[in-house]
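Accompanying notes for the structure given below.
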Amino acid sequence: MPRTHTLVQLLVGAALTLALAACVLLPLPDALPAVALGQPGLYRLEVALSLFYGCLLIITPAFSGLTTGRLPIEISTRGAKFAEETDQSAALIKVRTESLQRAANDLTEALFAAKLEIQRLRKCSGGDNAQRKVDSKS
Amino acid sequence: MARRIAENSNVFDFETALELVLQMPADAEKILRMREESAKEEEELDRAYERLHQAALEFR
């Protein structure tokens with residue numbers, strides 16, 4: 001696992017180096033594209049960004065496909081998502097939902113138990129529902 | 001009914017359940033209905049999870 005980690009670091013480092021090198025060394029075209037808004041600096045930055053993310057998009061599935069034989073089901077700005085992770089998340093959600101439902105049921109039952117207790121106390125006090133005045137001694 | 005309420009309950013034992021059935025029968029029924037609904041929802045959740053699990057296995 002640490003070897004894989006190092007390999008990932010190396011590949012990301014290589015992608016970053018390639019992007020930065022392209023950013024500095026790429027010759028500017030005579031007519032800059034519209035997305036560069038006529039600014040060479042912005043053009044270079046966009047080239048670096050697209051190269052870096054392009055490399056990541058290629059490296060991620062290629063790397064996991066070659067090393068583990070699995071392809072991600074989703075690649076987003078937060079990284080790659082694999083099928084078994086989704087499966088684990090679903091299992092976790094299932095467990096949490098069940099425990100929440102149990103807690104909700106227990107709370108509802110406790111509410112009924114409290115209602116029963118209140119009724120019992122009312123009966124014990126002789127069904128006296130007349131409200132006493134505030135500061136009443138009796 | 002009291003036995004059914006006391007079964008698998010963290011709140012009611014048989015005596016309190018019996019008291020509830022005698023004093024507040026409508027509420028006792030509500031508890032049983034709530035449990036039935038929960039059980040149905042749990043089954044649905046199980047089925048949904050199983051479908052998702054199968055889909056994940058097939059994808060792999």
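In the structure tokens, the first chain shown is A, the next is B, and so on; residue numbers restart at 1 for each chain, and ligands run from 1 in the order shown.
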Region 62-74 of chain A: which residues within 8 Å, counting only C-alpha atoms, same-chain residues fewer than 4 positions away excluded, as a PyMOL selection string? (chain A and resi 58+80-83) or (chain B and resi 60)
Would you write out those residues with C-alpha atoms, as a PDB file, in the first residue's frame?
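again07.pdb, written as the output of this step:
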```pdb
ATOM      1  CA  ILE A  58      -6.325   9.773 -17.775  1.00  0.00           C
ATOM      2  CA  ALA A  80     -12.590   8.889  -8.086  1.00  0.00           C
ATOM      3  CA  LYS A  81     -15.477   6.831  -6.710  1.00  0.00           C
ATOM      4  CA  PHE A  82     -15.440   3.049  -6.887  1.00  0.00           C
ATOM      5  CA  ALA A  83     -18.346   0.606  -6.876  1.00  0.00           C
TER       6      ALA A  83
ATOM      7  CA  ARG B  60     -17.434  -4.986 -10.589  1.00  0.00           C
TER       8      ARG B  60
END
```
Write out as a PyMOL selection string the residues lying within 12 Å of Met34 (chain B), counting only C-alpha atoms and excluding same-chain residues fewer than 2 positions away. (chain A and resi 101-102+104-109) or (chain B and resi 5+27-32+36-41)
Restricted to N, CA, C and O atoms, what would the selected residues look like written as a short mmCIF file (atom, residue, chain, number, x, y, z; two decimals), in the first residue's frame?
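Contents of result-v1.cif, as written:
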```cif
data_model
loop_
_atom_site.label_atom_id
_atom_site.label_comp_id
_atom_site.auth_asym_id
_atom_site.auth_seq_id
_atom_site.Cartn_x
_atom_site.Cartn_y
_atom_site.Cartn_z
N GLN A 101 -34.52 4.92 12.91
CA GLN A 101 -35.92 4.52 12.98
C GLN A 101 -36.23 3.88 14.35
O GLN A 101 -37.27 4.16 14.94
N ARG A 102 -35.27 3.07 14.83
CA ARG A 102 -35.46 2.45 16.15
C ARG A 102 -35.54 3.53 17.23
O ARG A 102 -36.38 3.48 18.13
N ALA A 104 -36.40 6.65 16.85
CA ALA A 104 -37.65 7.39 16.70
C ALA A 104 -38.81 6.60 17.30
O ALA A 104 -39.67 7.16 18.00
N ASN A 105 -38.83 5.30 17.05
CA ASN A 105 -39.89 4.45 17.61
C ASN A 105 -39.83 4.44 19.14
O ASN A 105 -40.86 4.54 19.81
N ASP A 106 -38.60 4.32 19.67
CA ASP A 106 -38.43 4.32 21.13
C ASP A 106 -38.92 5.63 21.74
O ASP A 106 -39.57 5.64 22.79
N LEU A 107 -38.59 6.73 21.05
CA LEU A 107 -39.02 8.04 21.56
C LEU A 107 -40.54 8.16 21.54
O LEU A 107 -41.14 8.68 22.49
N THR A 108 -41.14 7.68 20.46
CA THR A 108 -42.61 7.73 20.38
C THR A 108 -43.23 6.89 21.50
O THR A 108 -44.19 7.32 22.15
N GLU A 109 -42.67 5.70 21.71
CA GLU A 109 -43.20 4.84 22.77
C GLU A 109 -43.00 5.49 24.13
O GLU A 109 -43.88 5.41 25.00
N ILE B 5 -47.07 -5.43 22.42
CA ILE B 5 -46.42 -4.13 22.68
C ILE B 5 -45.13 -4.33 23.48
O ILE B 5 -44.11 -3.72 23.20
N ASP B 27 -54.12 4.61 21.83
CA ASP B 27 -52.67 4.84 21.74
C ASP B 27 -51.92 3.52 21.59
O ASP B 27 -50.91 3.46 20.89
N ALA B 28 -52.43 2.49 22.27
CA ALA B 28 -51.79 1.17 22.15
C ALA B 28 -51.85 0.69 20.69
O ALA B 28 -50.87 0.16 20.16
N GLU B 29 -53.01 0.92 20.06
CA GLU B 29 -53.13 0.53 18.64
C GLU B 29 -52.19 1.35 17.77
O GLU B 29 -51.61 0.84 16.81
N LYS B 30 -52.06 2.63 18.14
CA LYS B 30 -51.16 3.50 17.37
C LYS B 30 -49.74 2.95 17.40
O LYS B 30 -49.03 2.94 16.40
N ILE B 31 -49.31 2.50 18.59
CA ILE B 31 -47.95 1.95 18.73
C ILE B 31 -47.78 0.73 17.82
O ILE B 31 -46.79 0.61 17.10
N LEU B 32 -48.77 -0.14 17.83
CA LEU B 32 -48.67 -1.35 16.99
C LEU B 32 -48.66 -1.00 15.51
O LEU B 32 -47.88 -1.58 14.74
N GLU B 36 -45.72 -1.73 12.76
CA GLU B 36 -45.96 -2.43 11.48
C GLU B 36 -45.41 -1.60 10.33
O GLU B 36 -44.76 -2.13 9.42
N GLU B 37 -45.69 -0.28 10.37
CA GLU B 37 -45.19 0.60 9.31
C GLU B 37 -43.67 0.59 9.27
O GLU B 37 -43.06 0.54 8.21
N SER B 38 -43.06 0.63 10.47
CA SER B 38 -41.59 0.60 10.54
C SER B 38 -41.04 -0.68 9.95
O SER B 38 -40.04 -0.66 9.23
N ALA B 39 -41.71 -1.79 10.27
CA ALA B 39 -41.25 -3.08 9.74
C ALA B 39 -41.33 -3.10 8.23
O ALA B 39 -40.42 -3.58 7.54
N LYS B 40 -42.44 -2.53 7.69
CA LYS B 40 -42.59 -2.48 6.22
C LYS B 40 -41.48 -1.63 5.61
O LYS B 40 -40.87 -2.00 4.61
N GLU B 41 -41.24 -0.47 6.23
CA GLU B 41 -40.20 0.43 5.71
C GLU B 41 -38.84 -0.24 5.77
O GLU B 41 -38.01 -0.08 4.87
#
```
What are the residues of chain B that have an atom within 10 Å of an atom of chain A, counting only C-alpha atoms, as number ranges by chain? B: 5, 9-12, 16-17, 19-20, 23-24, 27-28, 30-31, 34-35, 38-39, 41-42, 45-46, 48-50, 52-60
Could you write out the selected residues, including C-alpha atoms, as a PDB file, in the first residue's frame?
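Just written: out.pdb:
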```
ATOM      1  CA  ILE B   5     -46.424  -4.132  22.683  1.00  0.00           C
ATOM      2  CA  SER B   9     -39.778  -2.806  23.308  1.00  0.00           C
ATOM      3  CA  ASN B  10     -37.117  -0.808  25.115  1.00  0.00           C
ATOM      4  CA  VAL B  11     -39.798   1.224  26.885  1.00  0.00           C
ATOM      5  CA  PHE B  12     -42.676  -1.039  27.860  1.00  0.00           C
ATOM      6  CA  THR B  16     -47.000  -1.115  31.656  1.00  0.00           C
ATOM      7  CA  ALA B  17     -48.075  -2.372  28.253  1.00  0.00           C
ATOM      8  CA  GLU B  19     -51.860  -0.711  31.659  1.00  0.00           C
ATOM      9  CA  LEU B  20     -51.558   1.192  28.388  1.00  0.00           C
ATOM     10  CA  GLN B  23     -56.166   2.902  29.942  1.00  0.00           C
ATOM     11  CA  MET B  24     -55.401   4.153  26.442  1.00  0.00           C
ATOM     12  CA  ASP B  27     -52.675   4.839  21.739  1.00  0.00           C
ATOM     13  CA  ALA B  28     -51.795   1.172  22.146  1.00  0.00           C
ATOM     14  CA  LYS B  30     -51.159   3.495  17.374  1.00  0.00           C
ATOM     15  CA  ILE B  31     -47.952   1.946  18.727  1.00  0.00           C
ATOM     16  CA  MET B  34     -46.319   2.439  13.971  1.00  0.00           C
ATOM     17  CA  ARG B  35     -44.306  -0.749  14.459  1.00  0.00           C
ATOM     18  CA  SER B  38     -41.595   0.603  10.542  1.00  0.00           C
ATOM     19  CA  ALA B  39     -41.248  -3.080   9.742  1.00  0.00           C
ATOM     20  CA  GLU B  41     -40.202   0.430   5.711  1.00  0.00           C
ATOM     21  CA  GLU B  42     -37.328  -1.693   6.971  1.00  0.00           C
ATOM     22  CA  LEU B  45     -34.943  -0.520   2.789  1.00  0.00           C
ATOM     23  CA  ASP B  46     -33.568  -4.074   2.795  1.00  0.00           C
ATOM     24  CA  ALA B  48     -33.446  -1.343  -1.971  1.00  0.00           C
ATOM     25  CA  TYR B  49     -30.089  -2.089  -0.380  1.00  0.00           C
ATOM     26  CA  GLU B  50     -30.040  -5.567  -1.894  1.00  0.00           C
ATOM     27  CA  LEU B  52     -27.929  -1.605  -4.909  1.00  0.00           C
ATOM     28  CA  HIS B  53     -25.593  -4.317  -3.652  1.00  0.00           C
ATOM     29  CA  GLN B  54     -26.367  -6.511  -6.682  1.00  0.00           C
ATOM     30  CA  ALA B  55     -25.835  -3.552  -9.018  1.00  0.00           C
ATOM     31  CA  ALA B  56     -22.458  -2.858  -7.402  1.00  0.00           C
ATOM     32  CA  LEU B  57     -21.471  -6.536  -7.719  1.00  0.00           C
ATOM     33  CA  GLU B  58     -22.498  -6.637 -11.382  1.00  0.00           C
ATOM     34  CA  PHE B  59     -20.542  -3.446 -12.055  1.00  0.00           C
ATOM     35  CA  ARG B  60     -17.434  -4.986 -10.589  1.00  0.00           C
TER      36      ARG B  60
END
```
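Here CA of Arg47 (chain B) stands at a distance of 22.6 Å from CA of Asn8 (chain B).
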Please list as a ChimeraX atom specification every residue within 10 Å of region 30-37 of chain A, counting only C-alpha atoms and excluding residues in the same chain fewer than 6 positions away. /A:43-47
Keeping only N, CA and C atoms, write the selected residues as a PDB file, in the first residue's frame.
```
ATOM      1  N   TYR A  43      -4.016  32.627 -20.636  1.00  0.00           N
ATOM      2  CA  TYR A  43      -3.926  31.508 -21.588  1.00  0.00           C
ATOM      3  C   TYR A  43      -3.003  30.421 -21.039  1.00  0.00           C
ATOM      4  N   ARG A  44      -1.841  30.854 -20.524  1.00  0.00           N
ATOM      5  CA  ARG A  44      -0.876  29.891 -19.978  1.00  0.00           C
ATOM      6  C   ARG A  44      -1.471  29.145 -18.763  1.00  0.00           C
ATOM      7  N   LEU A  45      -2.162  29.910 -17.921  1.00  0.00           N
ATOM      8  CA  LEU A  45      -2.794  29.301 -16.738  1.00  0.00           C
ATOM      9  C   LEU A  45      -3.844  28.266 -17.144  1.00  0.00           C
ATOM     10  N   GLU A  46      -4.638  28.631 -18.150  1.00  0.00           N
ATOM     11  CA  GLU A  46      -5.682  27.702 -18.626  1.00  0.00           C
ATOM     12  C   GLU A  46      -5.070  26.444 -19.230  1.00  0.00           C
ATOM     13  N   VAL A  47      -3.962  26.632 -19.932  1.00  0.00           N
ATOM     14  CA  VAL A  47      -3.270  25.479 -20.527  1.00  0.00           C
ATOM     15  C   VAL A  47      -2.783  24.550 -19.405  1.00  0.00           C
TER      16      VAL A  47
END
```
